[in-house]
file run27.txt (compact mmCIF, N, CA and C atoms)
# COMPACT_ATOMS: atom_id res chain seq x y z
N MET A 1 -26.73 -10.26 6.77
CA MET A 1 -26.65 -11.51 6.04
C MET A 1 -26.93 -12.66 7.00
N ILE A 2 -27.69 -13.64 6.56
CA ILE A 2 -27.98 -14.82 7.38
C ILE A 2 -27.07 -15.95 6.93
N TYR A 3 -26.31 -16.51 7.87
CA TYR A 3 -25.36 -17.56 7.56
C TYR A 3 -26.02 -18.93 7.73
N PRO A 4 -25.56 -19.90 6.97
CA PRO A 4 -26.14 -21.24 7.07
C PRO A 4 -25.66 -22.00 8.31
N PHE A 5 -25.10 -21.31 9.28
CA PHE A 5 -24.57 -21.95 10.47
C PHE A 5 -25.37 -21.55 11.69
N GLY A 6 -26.54 -20.95 11.49
CA GLY A 6 -27.37 -20.58 12.61
C GLY A 6 -27.00 -19.25 13.23
N GLU A 7 -26.09 -18.52 12.62
CA GLU A 7 -25.70 -17.23 13.16
C GLU A 7 -26.22 -16.14 12.24
N ASN A 8 -26.52 -15.01 12.78
CA ASN A 8 -27.04 -13.90 12.00
C ASN A 8 -26.18 -12.67 12.32
N LYS A 9 -25.19 -12.42 11.49
CA LYS A 9 -24.32 -11.28 11.72
C LYS A 9 -23.63 -10.88 10.42
N THR A 10 -23.14 -9.67 10.40
CA THR A 10 -22.40 -9.19 9.25
C THR A 10 -20.92 -9.40 9.55
N SER A 11 -20.19 -9.85 8.55
CA SER A 11 -18.78 -10.15 8.76
C SER A 11 -17.94 -9.54 7.66
N LYS A 12 -16.76 -9.09 8.03
CA LYS A 12 -15.84 -8.60 7.02
C LYS A 12 -15.29 -9.75 6.18
N HIS A 13 -15.48 -10.98 6.66
CA HIS A 13 -15.00 -12.15 5.93
C HIS A 13 -16.13 -12.91 5.23
N SER A 14 -17.31 -12.32 5.09
CA SER A 14 -18.44 -13.03 4.51
C SER A 14 -18.18 -13.45 3.06
N ARG A 15 -17.25 -12.82 2.39
CA ARG A 15 -16.94 -13.23 1.02
C ARG A 15 -16.30 -14.61 0.96
N TYR A 16 -15.87 -15.12 2.12
CA TYR A 16 -15.27 -16.46 2.17
C TYR A 16 -16.27 -17.54 2.58
N LEU A 17 -17.53 -17.20 2.56
CA LEU A 17 -18.57 -18.14 2.99
C LEU A 17 -18.54 -19.44 2.19
N SER A 18 -18.37 -19.36 0.89
CA SER A 18 -18.36 -20.59 0.08
C SER A 18 -17.16 -21.48 0.44
N GLU A 19 -16.02 -20.88 0.76
CA GLU A 19 -14.86 -21.66 1.17
C GLU A 19 -15.12 -22.37 2.50
N ILE A 20 -15.81 -21.69 3.40
CA ILE A 20 -16.10 -22.28 4.71
C ILE A 20 -17.12 -23.41 4.56
N VAL A 21 -18.11 -23.23 3.71
CA VAL A 21 -19.07 -24.30 3.44
C VAL A 21 -18.33 -25.51 2.87
N LYS A 22 -17.42 -25.27 1.95
CA LYS A 22 -16.63 -26.36 1.36
C LYS A 22 -15.77 -27.05 2.43
N ALA A 23 -15.18 -26.27 3.33
CA ALA A 23 -14.36 -26.83 4.41
C ALA A 23 -15.22 -27.68 5.35
N LYS A 24 -16.41 -27.20 5.68
CA LYS A 24 -17.31 -27.97 6.54
C LYS A 24 -17.66 -29.30 5.88
N THR A 25 -17.94 -29.27 4.60
CA THR A 25 -18.25 -30.50 3.87
C THR A 25 -17.05 -31.45 3.89
N TYR A 26 -15.86 -30.89 3.70
CA TYR A 26 -14.65 -31.71 3.76
C TYR A 26 -14.51 -32.39 5.13
N LEU A 27 -14.71 -31.63 6.20
CA LEU A 27 -14.60 -32.18 7.55
C LEU A 27 -15.67 -33.25 7.80
N GLU A 28 -16.89 -33.00 7.35
CA GLU A 28 -17.98 -33.94 7.54
C GLU A 28 -17.78 -35.22 6.75
N THR A 29 -17.09 -35.14 5.63
CA THR A 29 -16.84 -36.30 4.78
C THR A 29 -15.63 -37.10 5.23
N ASN A 30 -14.62 -36.43 5.76
CA ASN A 30 -13.34 -37.07 6.07
C ASN A 30 -13.05 -37.19 7.55
N TYR A 31 -14.06 -37.06 8.40
CA TYR A 31 -13.87 -37.07 9.86
C TYR A 31 -13.13 -38.30 10.36
N GLY A 32 -13.21 -39.41 9.65
CA GLY A 32 -12.60 -40.65 10.10
C GLY A 32 -11.12 -40.78 9.79
N THR A 33 -10.56 -39.77 9.15
CA THR A 33 -9.14 -39.80 8.80
C THR A 33 -8.38 -38.75 9.60
N LYS A 34 -7.07 -38.82 9.52
CA LYS A 34 -6.25 -37.79 10.18
C LYS A 34 -6.39 -36.51 9.36
N ILE A 35 -6.85 -35.46 10.02
CA ILE A 35 -7.08 -34.18 9.36
C ILE A 35 -6.27 -33.11 10.09
N THR A 36 -5.52 -32.33 9.32
CA THR A 36 -4.76 -31.23 9.91
C THR A 36 -5.30 -29.90 9.39
N LEU A 37 -5.06 -28.86 10.12
CA LEU A 37 -5.47 -27.53 9.70
C LEU A 37 -4.90 -27.17 8.33
N PRO A 38 -3.60 -27.40 8.08
CA PRO A 38 -3.06 -27.08 6.75
C PRO A 38 -3.74 -27.86 5.62
N THR A 39 -4.15 -29.10 5.90
CA THR A 39 -4.82 -29.89 4.87
C THR A 39 -6.16 -29.27 4.49
N VAL A 40 -6.95 -28.92 5.49
CA VAL A 40 -8.27 -28.34 5.21
C VAL A 40 -8.10 -26.97 4.57
N ALA A 41 -7.18 -26.17 5.07
CA ALA A 41 -6.95 -24.84 4.49
C ALA A 41 -6.55 -24.95 3.02
N ALA A 42 -5.72 -25.94 2.69
CA ALA A 42 -5.31 -26.14 1.30
C ALA A 42 -6.50 -26.53 0.42
N GLU A 43 -7.44 -27.27 0.98
CA GLU A 43 -8.65 -27.65 0.23
C GLU A 43 -9.44 -26.44 -0.23
N VAL A 44 -9.36 -25.36 0.52
CA VAL A 44 -10.13 -24.15 0.18
C VAL A 44 -9.23 -22.99 -0.24
N ASN A 45 -7.96 -23.30 -0.49
CA ASN A 45 -6.99 -22.33 -1.01
C ASN A 45 -6.82 -21.08 -0.12
N LEU A 46 -6.74 -21.33 1.19
CA LEU A 46 -6.47 -20.25 2.14
C LEU A 46 -5.27 -20.65 2.99
N SER A 47 -4.57 -19.67 3.53
CA SER A 47 -3.48 -20.00 4.44
C SER A 47 -4.08 -20.58 5.72
N PRO A 48 -3.37 -21.47 6.40
CA PRO A 48 -3.92 -22.09 7.60
C PRO A 48 -4.37 -21.08 8.67
N ASN A 49 -3.56 -20.09 8.94
CA ASN A 49 -3.91 -19.13 9.98
C ASN A 49 -5.14 -18.31 9.60
N PHE A 50 -5.17 -17.83 8.36
CA PHE A 50 -6.31 -17.04 7.90
C PHE A 50 -7.57 -17.92 7.88
N PHE A 51 -7.44 -19.14 7.42
CA PHE A 51 -8.57 -20.07 7.40
C PHE A 51 -9.14 -20.26 8.80
N ARG A 52 -8.28 -20.48 9.77
CA ARG A 52 -8.72 -20.68 11.16
C ARG A 52 -9.50 -19.47 11.67
N ILE A 53 -9.00 -18.28 11.38
CA ILE A 53 -9.65 -17.04 11.81
C ILE A 53 -11.04 -16.90 11.16
N VAL A 54 -11.09 -17.07 9.85
CA VAL A 54 -12.34 -16.92 9.12
C VAL A 54 -13.35 -17.99 9.54
N PHE A 55 -12.90 -19.24 9.66
CA PHE A 55 -13.78 -20.33 10.06
C PHE A 55 -14.40 -20.02 11.42
N LYS A 56 -13.58 -19.63 12.37
CA LYS A 56 -14.09 -19.36 13.72
C LYS A 56 -15.07 -18.19 13.70
N GLU A 57 -14.77 -17.19 12.93
CA GLU A 57 -15.66 -16.03 12.85
C GLU A 57 -17.01 -16.40 12.25
N LEU A 58 -17.01 -17.18 11.19
CA LEU A 58 -18.25 -17.49 10.49
C LEU A 58 -19.03 -18.66 11.10
N VAL A 59 -18.32 -19.61 11.69
CA VAL A 59 -18.98 -20.80 12.24
C VAL A 59 -19.23 -20.66 13.74
N GLY A 60 -18.40 -19.89 14.41
CA GLY A 60 -18.58 -19.68 15.84
C GLY A 60 -17.72 -20.59 16.70
N ARG A 61 -16.93 -21.44 16.08
CA ARG A 61 -15.98 -22.29 16.80
C ARG A 61 -14.84 -22.62 15.84
N SER A 62 -13.75 -23.08 16.41
CA SER A 62 -12.57 -23.36 15.59
C SER A 62 -12.81 -24.60 14.73
N PRO A 63 -12.02 -24.76 13.67
CA PRO A 63 -12.14 -25.98 12.86
C PRO A 63 -11.94 -27.25 13.70
N HIS A 64 -11.03 -27.20 14.65
CA HIS A 64 -10.77 -28.35 15.52
C HIS A 64 -12.00 -28.68 16.37
N GLU A 65 -12.60 -27.66 16.97
CA GLU A 65 -13.80 -27.88 17.78
C GLU A 65 -14.94 -28.44 16.92
N TYR A 66 -15.08 -27.91 15.72
CA TYR A 66 -16.11 -28.39 14.80
C TYR A 66 -15.88 -29.86 14.45
N LEU A 67 -14.64 -30.21 14.15
CA LEU A 67 -14.31 -31.60 13.83
C LEU A 67 -14.58 -32.52 15.01
N LEU A 68 -14.23 -32.11 16.21
CA LEU A 68 -14.51 -32.93 17.39
C LEU A 68 -16.02 -33.15 17.56
N GLU A 69 -16.81 -32.13 17.31
CA GLU A 69 -18.26 -32.28 17.41
C GLU A 69 -18.78 -33.30 16.40
N ILE A 70 -18.26 -33.26 15.18
CA ILE A 70 -18.65 -34.25 14.17
C ILE A 70 -18.30 -35.64 14.66
N ARG A 71 -17.07 -35.80 15.13
CA ARG A 71 -16.62 -37.12 15.58
C ARG A 71 -17.45 -37.63 16.76
N ILE A 72 -17.81 -36.75 17.66
CA ILE A 72 -18.64 -37.15 18.81
C ILE A 72 -20.02 -37.58 18.32
N ARG A 73 -20.63 -36.81 17.42
CA ARG A 73 -21.95 -37.19 16.88
C ARG A 73 -21.89 -38.55 16.20
N LYS A 74 -20.82 -38.81 15.46
CA LYS A 74 -20.68 -40.11 14.78
C LYS A 74 -20.48 -41.21 15.81
N ALA A 75 -19.68 -40.96 16.83
CA ALA A 75 -19.46 -41.95 17.89
C ALA A 75 -20.77 -42.26 18.60
N GLU A 76 -21.57 -41.24 18.88
CA GLU A 76 -22.88 -41.46 19.50
C GLU A 76 -23.73 -42.41 18.65
N ALA A 77 -23.74 -42.17 17.34
CA ALA A 77 -24.54 -43.02 16.44
C ALA A 77 -24.03 -44.46 16.46
N TYR A 78 -22.72 -44.64 16.41
CA TYR A 78 -22.17 -46.01 16.48
C TYR A 78 -22.51 -46.68 17.81
N LEU A 79 -22.40 -45.94 18.90
CA LEU A 79 -22.70 -46.50 20.22
C LEU A 79 -24.17 -46.88 20.33
N GLU A 80 -25.04 -46.09 19.75
CA GLU A 80 -26.47 -46.36 19.81
C GLU A 80 -26.91 -47.50 18.91
N ASN A 81 -26.27 -47.63 17.74
CA ASN A 81 -26.80 -48.50 16.70
C ASN A 81 -25.96 -49.72 16.34
N THR A 82 -24.80 -49.87 16.97
CA THR A 82 -23.96 -51.03 16.66
C THR A 82 -23.46 -51.68 17.95
N ASP A 83 -22.87 -52.84 17.79
CA ASP A 83 -22.20 -53.51 18.90
C ASP A 83 -20.69 -53.46 18.72
N PHE A 84 -20.21 -52.55 17.86
CA PHE A 84 -18.77 -52.44 17.65
C PHE A 84 -18.07 -52.14 18.96
N PRO A 85 -16.90 -52.72 19.17
CA PRO A 85 -16.11 -52.38 20.37
C PRO A 85 -15.76 -50.88 20.36
N ILE A 86 -15.62 -50.31 21.53
CA ILE A 86 -15.36 -48.87 21.63
C ILE A 86 -14.04 -48.49 20.96
N ASN A 87 -13.05 -49.35 21.02
CA ASN A 87 -11.78 -49.02 20.35
C ASN A 87 -11.96 -48.96 18.83
N GLN A 88 -12.84 -49.79 18.29
CA GLN A 88 -13.13 -49.75 16.85
C GLN A 88 -13.89 -48.47 16.49
N ILE A 89 -14.82 -48.07 17.33
CA ILE A 89 -15.56 -46.83 17.11
C ILE A 89 -14.61 -45.64 17.14
N ALA A 90 -13.69 -45.64 18.08
CA ALA A 90 -12.70 -44.56 18.15
C ALA A 90 -11.94 -44.46 16.84
N ASP A 91 -11.53 -45.59 16.30
CA ASP A 91 -10.79 -45.62 15.04
C ASP A 91 -11.67 -45.14 13.88
N LEU A 92 -12.90 -45.63 13.80
CA LEU A 92 -13.81 -45.24 12.73
C LEU A 92 -14.12 -43.75 12.74
N CYS A 93 -14.11 -43.17 13.91
CA CYS A 93 -14.45 -41.74 14.06
C CYS A 93 -13.24 -40.82 13.96
N GLY A 94 -12.06 -41.39 13.76
CA GLY A 94 -10.88 -40.56 13.54
C GLY A 94 -10.11 -40.17 14.79
N PHE A 95 -10.45 -40.75 15.93
CA PHE A 95 -9.69 -40.47 17.14
C PHE A 95 -8.41 -41.30 17.10
N GLU A 96 -7.30 -40.70 17.51
CA GLU A 96 -6.02 -41.40 17.44
C GLU A 96 -5.95 -42.56 18.42
N THR A 97 -6.61 -42.42 19.56
CA THR A 97 -6.62 -43.51 20.54
C THR A 97 -8.00 -43.58 21.19
N GLN A 98 -8.31 -44.73 21.75
CA GLN A 98 -9.56 -44.88 22.48
C GLN A 98 -9.57 -43.99 23.71
N SER A 99 -8.45 -43.87 24.37
CA SER A 99 -8.42 -43.04 25.58
C SER A 99 -8.71 -41.58 25.27
N TYR A 100 -8.23 -41.09 24.11
CA TYR A 100 -8.53 -39.72 23.73
C TYR A 100 -10.02 -39.57 23.42
N MET A 101 -10.60 -40.56 22.74
CA MET A 101 -12.04 -40.52 22.49
C MET A 101 -12.80 -40.52 23.81
N ASN A 102 -12.39 -41.37 24.74
CA ASN A 102 -13.06 -41.42 26.05
C ASN A 102 -13.02 -40.05 26.73
N TYR A 103 -11.86 -39.40 26.68
CA TYR A 103 -11.70 -38.09 27.29
C TYR A 103 -12.62 -37.05 26.64
N VAL A 104 -12.55 -36.96 25.31
CA VAL A 104 -13.34 -35.96 24.59
C VAL A 104 -14.83 -36.25 24.71
N PHE A 105 -15.20 -37.51 24.57
CA PHE A 105 -16.60 -37.90 24.66
C PHE A 105 -17.17 -37.54 26.03
N SER A 106 -16.43 -37.87 27.08
CA SER A 106 -16.88 -37.56 28.44
C SER A 106 -17.01 -36.06 28.65
N LYS A 107 -16.09 -35.30 28.09
CA LYS A 107 -16.11 -33.85 28.22
C LYS A 107 -17.35 -33.27 27.54
N TYR A 108 -17.66 -33.73 26.33
CA TYR A 108 -18.78 -33.19 25.57
C TYR A 108 -20.13 -33.74 26.03
N CYS A 109 -20.17 -35.01 26.39
CA CYS A 109 -21.46 -35.68 26.67
C CYS A 109 -21.75 -35.85 28.15
N GLY A 110 -20.74 -35.69 28.98
CA GLY A 110 -20.95 -35.81 30.42
C GLY A 110 -20.90 -37.22 30.96
N VAL A 111 -20.76 -38.19 30.06
CA VAL A 111 -20.62 -39.60 30.46
C VAL A 111 -19.62 -40.27 29.55
N SER A 112 -19.08 -41.39 30.00
CA SER A 112 -18.14 -42.14 29.17
C SER A 112 -18.87 -42.80 28.00
N PRO A 113 -18.16 -43.18 26.96
CA PRO A 113 -18.80 -43.90 25.86
C PRO A 113 -19.51 -45.18 26.33
N TYR A 114 -18.88 -45.91 27.25
CA TYR A 114 -19.48 -47.14 27.77
C TYR A 114 -20.82 -46.84 28.45
N LYS A 115 -20.83 -45.82 29.29
CA LYS A 115 -22.06 -45.43 30.00
C LYS A 115 -23.12 -44.94 29.00
N TYR A 116 -22.68 -44.15 28.01
CA TYR A 116 -23.59 -43.65 26.99
C TYR A 116 -24.26 -44.82 26.27
N ARG A 117 -23.46 -45.82 25.89
CA ARG A 117 -24.01 -46.99 25.20
C ARG A 117 -25.04 -47.70 26.08
N SER A 118 -24.74 -47.87 27.35
CA SER A 118 -25.67 -48.58 28.22
C SER A 118 -26.98 -47.81 28.40
N MET A 119 -26.93 -46.49 28.21
CA MET A 119 -28.13 -45.67 28.35
C MET A 119 -28.92 -45.54 27.04
N HIS A 120 -28.27 -45.68 25.89
CA HIS A 120 -28.90 -45.35 24.60
C HIS A 120 -28.90 -46.47 23.57
N HIS A 121 -28.29 -47.59 23.81
CA HIS A 121 -28.17 -48.64 22.79
C HIS A 121 -29.55 -49.16 22.39
N LYS A 122 -29.75 -49.28 21.09
CA LYS A 122 -31.05 -49.74 20.56
C LYS A 122 -31.03 -51.24 20.30
call {"tool": "encode", "arguments": {"input": "run27.txt", "output": "structure tokens"}}
result
Amino acid sequence: MIYPFGENKTSKHSRYLSEIVKAKTYLETNYGTKITLPTVAAEVNLSPNFFRIVFKELVGRSPHEYLLEIRIRKAEAYLENTDFPINQIADLCGFETQSYMNYVFSKYCGVSPYKYRSMHHK
């Protein structure tokens, strides 16, 4: 079976593919709000632990890692296309604090948000 996540493998949990697609859509739509594992699991009617296992198996990363990637992509877009202060971008992207966004952004992108903006701002 070919999955819509770029992976090609057979899974014992493939019957939950529609729930995972729905969860991904939920994360992509609500990235700017506080999101917990139980909240997303409830959206797709699965227990939190089982949801985490199935999501990781089918997507290739945990729901938390996936959400962080969405938030980083959104932060990159804000940094490139707006003059919003970095603390406002952190808030818009769902990071609890600017310092946490700085930490995660630097980890994923290799540079701070400030440096990224100076390199990519349009």
call {"tool": "atom_distance", "arguments": {"input": "run27.txt", "atom1": "CA of Ala23 in chain A", "atom2": "CA of Ala41 in chain A"}}
result
7.7 Å
call {"tool": "residues_around", "arguments": {"input": "run27.txt", "residues": "Met119 in chain A", "least_positions_apart": "6", "cutoff": "10 Å", "atoms": "only C-alpha atoms", "output": "list in words"}}
result
Leu79, Glu80, Val111 and Pro113 of chain A
call {"tool": "write_last_selection", "arguments": {"input": "run27.txt", "atoms": "N, CA and C atoms", "output": "PDB file, keeping the file's coordinate frame"}}
result
ATOM      1  N   LEU A  79     -22.400 -45.940  18.900  1.00  0.00           N
ATOM      2  CA  LEU A  79     -22.700 -46.500  20.220  1.00  0.00           C
ATOM      3  C   LEU A  79     -24.170 -46.880  20.330  1.00  0.00           C
ATOM      4  N   GLU A  80     -25.040 -46.090  19.750  1.00  0.00           N
ATOM      5  CA  GLU A  80     -26.470 -46.360  19.810  1.00  0.00           C
ATOM      6  C   GLU A  80     -26.910 -47.500  18.910  1.00  0.00           C
ATOM      7  N   VAL A 111     -20.760 -38.190  30.060  1.00  0.00           N
ATOM      8  CA  VAL A 111     -20.620 -39.600  30.460  1.00  0.00           C
ATOM      9  C   VAL A 111     -19.620 -40.270  29.550  1.00  0.00           C
ATOM     10  N   PRO A 113     -18.160 -43.180  26.960  1.00  0.00           N
ATOM     11  CA  PRO A 113     -18.800 -43.900  25.860  1.00  0.00           C
ATOM     12  C   PRO A 113     -19.510 -45.180  26.330  1.00  0.00           C
TER      13      PRO A 113
END
call {"tool": "residues_around", "arguments": {"input": "run27.txt", "residues": "His120 in chain A", "least_positions_apart": "2", "cutoff": "7 Å", "atoms": "only N, CA and C atoms", "output": "PyMOL selection string"}}
result
chain A and resi 79-81+115-118+122
call {"tool": "closest_residue", "arguments": {"input": "run27.txt", "among": "A:Ile86, A:Val104, A:Cys109, A:Pro63", "to": "Phe51 in chain A", "atoms": "all atoms listed in the file"}}
result
A:Pro63
call {"tool": "closest_residue", "arguments": {"input": "run27.txt", "among": "A:Val21, A:Phe55, A:Asn102, A:Cys93", "to": "Tyr114 in chain A", "atoms": "all atoms listed in the file"}}
result
A:Asn102
call {"tool": "atom_distance", "arguments": {"input": "run27.txt", "atom1": "atom C of Tyr26 in chain A", "atom2": "CA of Gly60 in chain A"}}
result
17.1 Å
call {"tool": "axis_aligned_box", "arguments": {"input": "run27.txt", "around": "range 90-98 of chain A", "padding_each_side": "5 Å", "output": "JSON"}}
result
{"center_x": -10.2, "center_y": -42.9, "center_z": 18.2, "size_x": 18.5, "size_y": 15.5, "size_z": 21.0}
call {"tool": "closest_residue", "arguments": {"input": "run27.txt", "among": "A:Ile53, A:Met101, A:Ile35, A:Leu58", "to": "Arg73 in chain A", "atoms": "only C-alpha atoms"}}
result
A:Met101
call {"tool": "decode", "arguments": {"input": "run27.txt", "residues": "range 59-79 of chain A", "atoms": "N, CA, C and O atoms", "output": "JSON list (two decimals), in the first residue's frame"}}
result
[["chain", "number", "residue", "atom", "x", "y", "z"],
["A", 59, "VAL", "N", 3.05, 7.81, 9.83],
["A", 59, "VAL", "CA", 3.62, 9.09, 9.38],
["A", 59, "VAL", "C", 5.14, 9.08, 9.44],
["A", 59, "VAL", "O", 5.81, 9.79, 8.70],
["A", 60, "GLY", "N", 5.69, 8.30, 10.35],
["A", 60, "GLY", "CA", 7.14, 8.22, 10.46],
["A", 60, "GLY", "C", 7.72, 9.12, 11.53],
["A", 60, "GLY", "O", 8.93, 9.17, 11.73],
["A", 61, "ARG", "N", 6.88, 9.85, 12.23],
["A", 61, "ARG", "CA", 7.30, 10.67, 13.37],
["A", 61, "ARG", "C", 6.10, 10.84, 14.29],
["A", 61, "ARG", "O", 4.97, 10.62, 13.91],
["A", 62, "SER", "N", 6.40, 11.25, 15.51],
["A", 62, "SER", "CA", 5.33, 11.38, 16.51],
["A", 62, "SER", "C", 4.42, 12.56, 16.16],
["A", 62, "SER", "O", 4.82, 13.46, 15.42],
["A", 63, "PRO", "N", 3.21, 12.57, 16.72],
["A", 63, "PRO", "CA", 2.33, 13.73, 16.50],
["A", 63, "PRO", "C", 3.00, 15.04, 16.96],
["A", 63, "PRO", "O", 2.86, 16.07, 16.29],
["A", 64, "HIS", "N", 3.74, 14.99, 18.05],
["A", 64, "HIS", "CA", 4.42, 16.18, 18.56],
["A", 64, "HIS", "C", 5.48, 16.67, 17.56],
["A", 64, "HIS", "O", 5.56, 17.87, 17.27],
["A", 65, "GLU", "N", 6.28, 15.75, 17.03],
["A", 65, "GLU", "CA", 7.29, 16.13, 16.04],
["A", 65, "GLU", "C", 6.64, 16.72, 14.79],
["A", 65, "GLU", "O", 7.12, 17.70, 14.24],
["A", 66, "TYR", "N", 5.54, 16.11, 14.37],
["A", 66, "TYR", "CA", 4.82, 16.59, 13.19],
["A", 66, "TYR", "C", 4.30, 18.01, 13.44],
["A", 66, "TYR", "O", 4.43, 18.89, 12.58],
["A", 67, "LEU", "N", 3.72, 18.23, 14.61],
["A", 67, "LEU", "CA", 3.21, 19.56, 14.95],
["A", 67, "LEU", "C", 4.33, 20.60, 14.99],
["A", 67, "LEU", "O", 4.18, 21.71, 14.49],
["A", 68, "LEU", "N", 5.47, 20.25, 15.56],
["A", 68, "LEU", "CA", 6.60, 21.17, 15.59],
["A", 68, "LEU", "C", 7.06, 21.53, 14.17],
["A", 68, "LEU", "O", 7.37, 22.69, 13.89],
["A", 69, "GLU", "N", 7.06, 20.56, 13.28],
["A", 69, "GLU", "CA", 7.45, 20.83, 11.90],
["A", 69, "GLU", "C", 6.48, 21.81, 11.24],
["A", 69, "GLU", "O", 6.90, 22.71, 10.50],
["A", 70, "ILE", "N", 5.19, 21.64, 11.49],
["A", 70, "ILE", "CA", 4.19, 22.57, 10.95],
["A", 70, "ILE", "C", 4.47, 23.97, 11.49],
["A", 70, "ILE", "O", 4.49, 24.95, 10.74],
["A", 71, "ARG", "N", 4.66, 24.06, 12.80],
["A", 71, "ARG", "CA", 4.88, 25.37, 13.42],
["A", 71, "ARG", "C", 6.15, 26.03, 12.89],
["A", 71, "ARG", "O", 6.18, 27.25, 12.66],
["A", 72, "ILE", "N", 7.19, 25.26, 12.67],
["A", 72, "ILE", "CA", 8.44, 25.81, 12.13],
["A", 72, "ILE", "C", 8.21, 26.31, 10.71],
["A", 72, "ILE", "O", 8.67, 27.40, 10.34],
["A", 73, "ARG", "N", 7.52, 25.53, 9.87],
["A", 73, "ARG", "CA", 7.24, 25.97, 8.49],
["A", 73, "ARG", "C", 6.44, 27.27, 8.50],
["A", 73, "ARG", "O", 6.70, 28.17, 7.69],
["A", 74, "LYS", "N", 5.47, 27.38, 9.40],
["A", 74, "LYS", "CA", 4.67, 28.61, 9.48],
["A", 74, "LYS", "C", 5.53, 29.77, 9.96],
["A", 74, "LYS", "O", 5.42, 30.88, 9.43],
["A", 75, "ALA", "N", 6.38, 29.53, 10.94],
["A", 75, "ALA", "CA", 7.27, 30.58, 11.43],
["A", 75, "ALA", "C", 8.20, 31.05, 10.32],
["A", 75, "ALA", "O", 8.44, 32.26, 10.17],
["A", 76, "GLU", "N", 8.73, 30.12, 9.54],
["A", 76, "GLU", "CA", 9.59, 30.50, 8.41],
["A", 76, "GLU", "C", 8.85, 31.43, 7.46],
["A", 76, "GLU", "O", 9.40, 32.45, 7.03],
["A", 77, "ALA", "N", 7.60, 31.10, 7.16],
["A", 77, "ALA", "CA", 6.80, 31.94, 6.24],
["A", 77, "ALA", "C", 6.59, 33.33, 6.83],
["A", 77, "ALA", "O", 6.71, 34.34, 6.12],
["A", 78, "TYR", "N", 6.25, 33.41, 8.11],
["A", 78, "TYR", "CA", 6.08, 34.72, 8.75],
["A", 78, "TYR", "C", 7.39, 35.52, 8.74],
["A", 78, "TYR", "O", 7.39, 36.72, 8.48],
["A", 79, "LEU", "N", 8.49, 34.86, 9.03],
["A", 79, "LEU", "CA", 9.79, 35.54, 9.06],
["A", 79, "LEU", "C", 10.17, 36.05, 7.67],
["A", 79, "LEU", "O", 10.75, 37.13, 7.54]]
